[in-house]
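Below: one structure, written as structure tokens.
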Amino acid sequence: MILAAGKGTRVRPLTNVMPKPMIPLVRKPVMESIIEHLAQHGFDQIFINTSYLSSAIENYFRDGEKLGVQIAYSYEGHLENGQFIDRPLGSAGGMRKIQDFCGFFDSTFAVLCGDALIDVDLGAVLEFHRSRGAAATIVTKTVPLEEVSKYGVVVADEDGRVKSFQEKPKAEQALSTNANTGIYIFEPSVFEHIPSGQEYDIGGQLFPSLIQKGIPVYSVAQPFQWVDIGSVTDFWHATRLALSGQVRGYRLPGVEISPGVRVGLGIRADWSKVQVSGPVYIGSGTAIGDGAVIEGPTVIGPNCVIEAGAQVRASILGDYTRVASVASLNENIVFAGKLIDPRGETVDIEDADIGWLLDDARKDLIDDPTHDLLREAMQQDRSVQ
């Protein structure tokens with residue numbers, strides 16, 4: 001099961017228009033990489049619980065055939081007066097809804113969050129789980145002591161049996177440096193401890209209940225790459241890692257036309273008159289004017305327009321972004337009408353009246369004397385510099 005029903009509030013404004021599992025890392029949704037990884041380890045029957053913007057997930061992955069798996073969906077909510085009302089049931093509650101509906105979990109099964117890139121050896125985790133006779137196993141990752149305050153921490157004995165949990169403890173109070181990664185292995189017997197038809201959480205309710213009842217819950221620390229997309233800063237960092245080849249096994253799209261520069265189909269550009277230095281990915285159908293400067297790590301979405309003389313450095317541009325000739329972007333995300341910095345601070349492009357610098361490339365160009373004067377002034381400033 002992949003957990004995908006949350007709203008992803010910490011990743012706004014990216015999640016204003018898409019659910020968190022659909023956030024793209026160099027054009028590929030995070031969840032697609034998760035499904036590919038599951039398939040590689042023999043997990044080819046997958047349930048996904050959805051709620052917030054559910055159709056974005058369901059319409060993209062459909063029945064899973066293109067990824068070599070079978071996918072079913074469990075929508076958490078209802079239709080009222082022609083509008084979908086989301087009602088997420090929590091991670092464990094979502095599991096229980098599926099089990100009550102069709103008894104899908106009839107043998108050992110895995111549950112993962114839909115918003116993190118992983119390369120964990122699930123076969124090794126399964127072997128550990130079975131060797132301990134566990135009802136549930138938590139995959140953990142050892143993190144530096146100074147970072148434990150960002151995670152839920154698992155406290156276990158020498159054999160791996162979980163004794164307690166700490167939620168984002170201060171470094172001086174932490175009893176462990178093993179962070180809960182949101183990757184779990186369960187036996188169907190856990191459903192005896194999950195109530196039906198109500199919101200119920202795996203970490204905050206199910207695990208403490210199991211431990212209190214003496215039911216064997218284990219943890220296993222695995223040395224694996226775990227790239228969590230829990231915030232805009234995480235998204236920024238993960239994109240840079242993927243683009244620069246630091247995410248193991250992550251295949252970048254497009255064709256490499258020069259070292260570190262990858263492009264999609266139908267790019268309109270005179271490369272002899274454009275300054276590009278990688279790592280850079282430029283999406284299909286993008287037009288780049290003469291004298292433009294593009295420096296990596298940068299991702300430019302499909303069908304963008306980078307006007308002559310524009311400068312784009314270390315930035316991420318969403319689909320159909322027009323960057324004016326006088327614009328100079330450095331460490332910015334342009335997405336869904338917002339200008340976002342790596343810390344998540346956001347400016348609405350329309351409200352700030354900077355549409356003459358950044359806009360939707362599909363809009364008709366309308367002559368605006370004020371904007372023309374501003375562009376001329378900024379061009380003169382740049383020539384003086």
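Naming scheme: A, B, ... for chains in displayed order of the structure tokens; residues 1 onward per chain; ligands 1 onward as shown.
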(request) Skip A:Cys102 itself and residues of its chain fewer than 4 positions away, then list as a PyMOL selection string all residues within 12 Å of it, counting only C-alpha atoms. (result) chain A and resi 47+72-74+95-98+106
Quiz item: Can you list, as a PyMOL selection string, every protein, DNA or RNA residue that comes within 12 Å of A:Gln212 when you count only C-alpha atoms, leaving out same-chain residues fewer than 2 positions away?
Solution: chain A and resi 162-165+193+205-210+214-217
Neighbouring residues of stretch 195-198 of chain A were defined as those with any atom within 9 Å, considering only C-alpha atoms; residues of the same chain fewer than 6 positions away were excluded. Please report them as a compact mmCIF listing (two decimals) with N, CA, C and O atoms, in the first residue's frame.
# COMPACT_ATOMS: atom_id res chain seq x y z
N LEU A 89 -8.62 9.20 6.37
CA LEU A 89 -8.83 8.36 7.54
C LEU A 89 -7.55 8.09 8.32
O LEU A 89 -7.57 7.27 9.25
N GLY A 90 -6.47 8.76 7.97
CA GLY A 90 -5.20 8.45 8.63
C GLY A 90 -4.57 7.22 8.01
O GLY A 90 -5.23 6.44 7.31
N ALA A 92 -3.39 4.28 9.24
CA ALA A 92 -3.94 2.98 9.63
C ALA A 92 -5.42 2.88 9.28
O ALA A 92 -5.90 1.81 8.88
N GLY A 93 -6.15 3.99 9.42
CA GLY A 93 -7.56 3.98 9.05
C GLY A 93 -7.76 3.70 7.58
O GLY A 93 -8.72 3.02 7.17
N GLY A 94 -6.85 4.22 6.75
CA GLY A 94 -6.91 3.94 5.33
C GLY A 94 -6.66 2.48 5.01
O GLY A 94 -7.30 1.89 4.12
N ARG A 96 -7.37 0.03 7.03
CA ARG A 96 -8.54 -0.71 7.50
C ARG A 96 -9.70 -0.60 6.52
O ARG A 96 -10.44 -1.57 6.28
N LYS A 97 -9.87 0.56 5.89
CA LYS A 97 -10.94 0.75 4.92
C LYS A 97 -10.78 -0.23 3.75
O LYS A 97 -11.75 -0.83 3.28
N ASP A 100 -11.53 -3.82 5.02
CA ASP A 100 -12.97 -4.05 5.20
C ASP A 100 -13.67 -4.20 3.86
O ASP A 100 -14.66 -4.94 3.74
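Our summary of the geometry notes that atom CA of A:Leu317 is positioned 29.0 Å from atom CA of A:Leu112.
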Tell me, counting only C-alpha atoms, for each residue of stretch 232-283 of chain A within 12 Å of stretch 325-337 of chain A, which pair of atoms is nearest and how far apart they are in Å to one decimal, in rows ordered by chain and increasing number, as a Markdown table.
| residue | atom | partner | partner_atom | distance |
| --- | --- | --- | --- | --- |
| A:Val232 | CA | A:Ile333 | CA | 9.6 |
| A:Thr233 | CA | A:Ile333 | CA | 10.8 |
| A:Phe235 | CA | A:Ile333 | CA | 10.3 |
| A:Trp236 | CA | A:Ile333 | CA | 8.4 |
| A:His237 | CA | A:Glu331 | CA | 11.4 |
| A:Thr239 | CA | A:Ile333 | CA | 11.1 |
| A:Arg240 | CA | A:Glu331 | CA | 11.1 |
File of the preceding selection, all heavy atoms, as a PDB file, in the first residue's frame:
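The result, written out as selection.pdb:
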ATOM      1  N   VAL A 232       9.108  22.552   0.900  1.00  0.00           N
ATOM      2  CA  VAL A 232       9.646  23.163  -0.316  1.00  0.00           C
ATOM      3  C   VAL A 232      11.169  23.058  -0.327  1.00  0.00           C
ATOM      4  O   VAL A 232      11.773  22.786  -1.371  1.00  0.00           O
ATOM      5  CB  VAL A 232       9.205  24.640  -0.416  1.00  0.00           C
ATOM      6  CG1 VAL A 232       9.949  25.344  -1.549  1.00  0.00           C
ATOM      7  CG2 VAL A 232       7.706  24.727  -0.658  1.00  0.00           C
ATOM      8  N   THR A 233      11.792  23.217   0.826  1.00  0.00           N
ATOM      9  CA  THR A 233      13.247  23.088   0.909  1.00  0.00           C
ATOM     10  C   THR A 233      13.691  21.684   0.526  1.00  0.00           C
ATOM     11  O   THR A 233      14.688  21.506  -0.184  1.00  0.00           O
ATOM     12  CB  THR A 233      13.732  23.426   2.333  1.00  0.00           C
ATOM     13  OG1 THR A 233      13.353  24.767   2.648  1.00  0.00           O
ATOM     14  CG2 THR A 233      15.240  23.295   2.444  1.00  0.00           C
ATOM     15  N   PHE A 235      12.066  19.644  -1.489  1.00  0.00           N
ATOM     16  CA  PHE A 235      11.867  19.543  -2.934  1.00  0.00           C
ATOM     17  C   PHE A 235      13.035  20.174  -3.685  1.00  0.00           C
ATOM     18  O   PHE A 235      13.559  19.615  -4.654  1.00  0.00           O
ATOM     19  CB  PHE A 235      10.560  20.226  -3.320  1.00  0.00           C
ATOM     20  CG  PHE A 235      10.401  20.477  -4.798  1.00  0.00           C
ATOM     21  CD1 PHE A 235      10.278  19.427  -5.686  1.00  0.00           C
ATOM     22  CD2 PHE A 235      10.373  21.776  -5.292  1.00  0.00           C
ATOM     23  CE1 PHE A 235      10.131  19.661  -7.055  1.00  0.00           C
ATOM     24  CE2 PHE A 235      10.232  22.019  -6.647  1.00  0.00           C
ATOM     25  CZ  PHE A 235      10.112  20.954  -7.533  1.00  0.00           C
ATOM     26  N   TRP A 236      13.449  21.334  -3.233  1.00  0.00           N
ATOM     27  CA  TRP A 236      14.578  22.039  -3.840  1.00  0.00           C
ATOM     28  C   TRP A 236      15.838  21.170  -3.778  1.00  0.00           C
ATOM     29  O   TRP A 236      16.536  20.990  -4.773  1.00  0.00           O
ATOM     30  CB  TRP A 236      14.775  23.355  -3.085  1.00  0.00           C
ATOM     31  CG  TRP A 236      15.963  24.164  -3.469  1.00  0.00           C
ATOM     32  CD1 TRP A 236      17.177  24.185  -2.837  1.00  0.00           C
ATOM     33  CD2 TRP A 236      16.074  25.083  -4.555  1.00  0.00           C
ATOM     34  NE1 TRP A 236      18.030  25.056  -3.458  1.00  0.00           N
ATOM     35  CE2 TRP A 236      17.376  25.625  -4.518  1.00  0.00           C
ATOM     36  CE3 TRP A 236      15.197  25.500  -5.544  1.00  0.00           C
ATOM     37  CZ2 TRP A 236      17.819  26.556  -5.442  1.00  0.00           C
ATOM     38  CZ3 TRP A 236      15.642  26.432  -6.467  1.00  0.00           C
ATOM     39  CH2 TRP A 236      16.930  26.945  -6.414  1.00  0.00           C
ATOM     40  N   HIS A 237      16.108  20.629  -2.591  1.00  0.00           N
ATOM     41  CA  HIS A 237      17.306  19.816  -2.385  1.00  0.00           C
ATOM     42  C   HIS A 237      17.244  18.535  -3.215  1.00  0.00           C
ATOM     43  O   HIS A 237      18.223  18.151  -3.871  1.00  0.00           O
ATOM     44  CB  HIS A 237      17.445  19.493  -0.896  1.00  0.00           C
ATOM     45  CG  HIS A 237      18.611  18.622  -0.557  1.00  0.00           C
ATOM     46  ND1 HIS A 237      19.922  19.013  -0.778  1.00  0.00           N
ATOM     47  CD2 HIS A 237      18.676  17.368  -0.024  1.00  0.00           C
ATOM     48  CE1 HIS A 237      20.739  18.043  -0.386  1.00  0.00           C
ATOM     49  NE2 HIS A 237      20.006  17.042   0.065  1.00  0.00           N
ATOM     50  N   THR A 239      15.563  17.884  -5.967  1.00  0.00           N
ATOM     51  CA  THR A 239      15.691  18.160  -7.396  1.00  0.00           C
ATOM     52  C   THR A 239      17.152  18.328  -7.778  1.00  0.00           C
ATOM     53  O   THR A 239      17.616  17.802  -8.804  1.00  0.00           O
ATOM     54  CB  THR A 239      14.894  19.420  -7.778  1.00  0.00           C
ATOM     55  OG1 THR A 239      13.510  19.201  -7.512  1.00  0.00           O
ATOM     56  CG2 THR A 239      15.068  19.752  -9.256  1.00  0.00           C
ATOM     57  N   ARG A 240      17.889  19.043  -6.967  1.00  0.00           N
ATOM     58  CA  ARG A 240      19.311  19.251  -7.239  1.00  0.00           C
ATOM     59  C   ARG A 240      20.086  17.938  -7.178  1.00  0.00           C
ATOM     60  O   ARG A 240      20.985  17.683  -7.987  1.00  0.00           O
ATOM     61  CB  ARG A 240      19.884  20.275  -6.264  1.00  0.00           C
ATOM     62  CG  ARG A 240      19.296  21.675  -6.468  1.00  0.00           C
ATOM     63  CD  ARG A 240      19.496  22.560  -5.262  1.00  0.00           C
ATOM     64  NE  ARG A 240      20.851  23.051  -5.133  1.00  0.00           N
ATOM     65  CZ  ARG A 240      21.281  24.212  -5.638  1.00  0.00           C
ATOM     66  NH1 ARG A 240      20.454  24.978  -6.324  1.00  0.00           N
ATOM     67  NH2 ARG A 240      22.522  24.599  -5.458  1.00  0.00           N
TER      68      ARG A 240
END
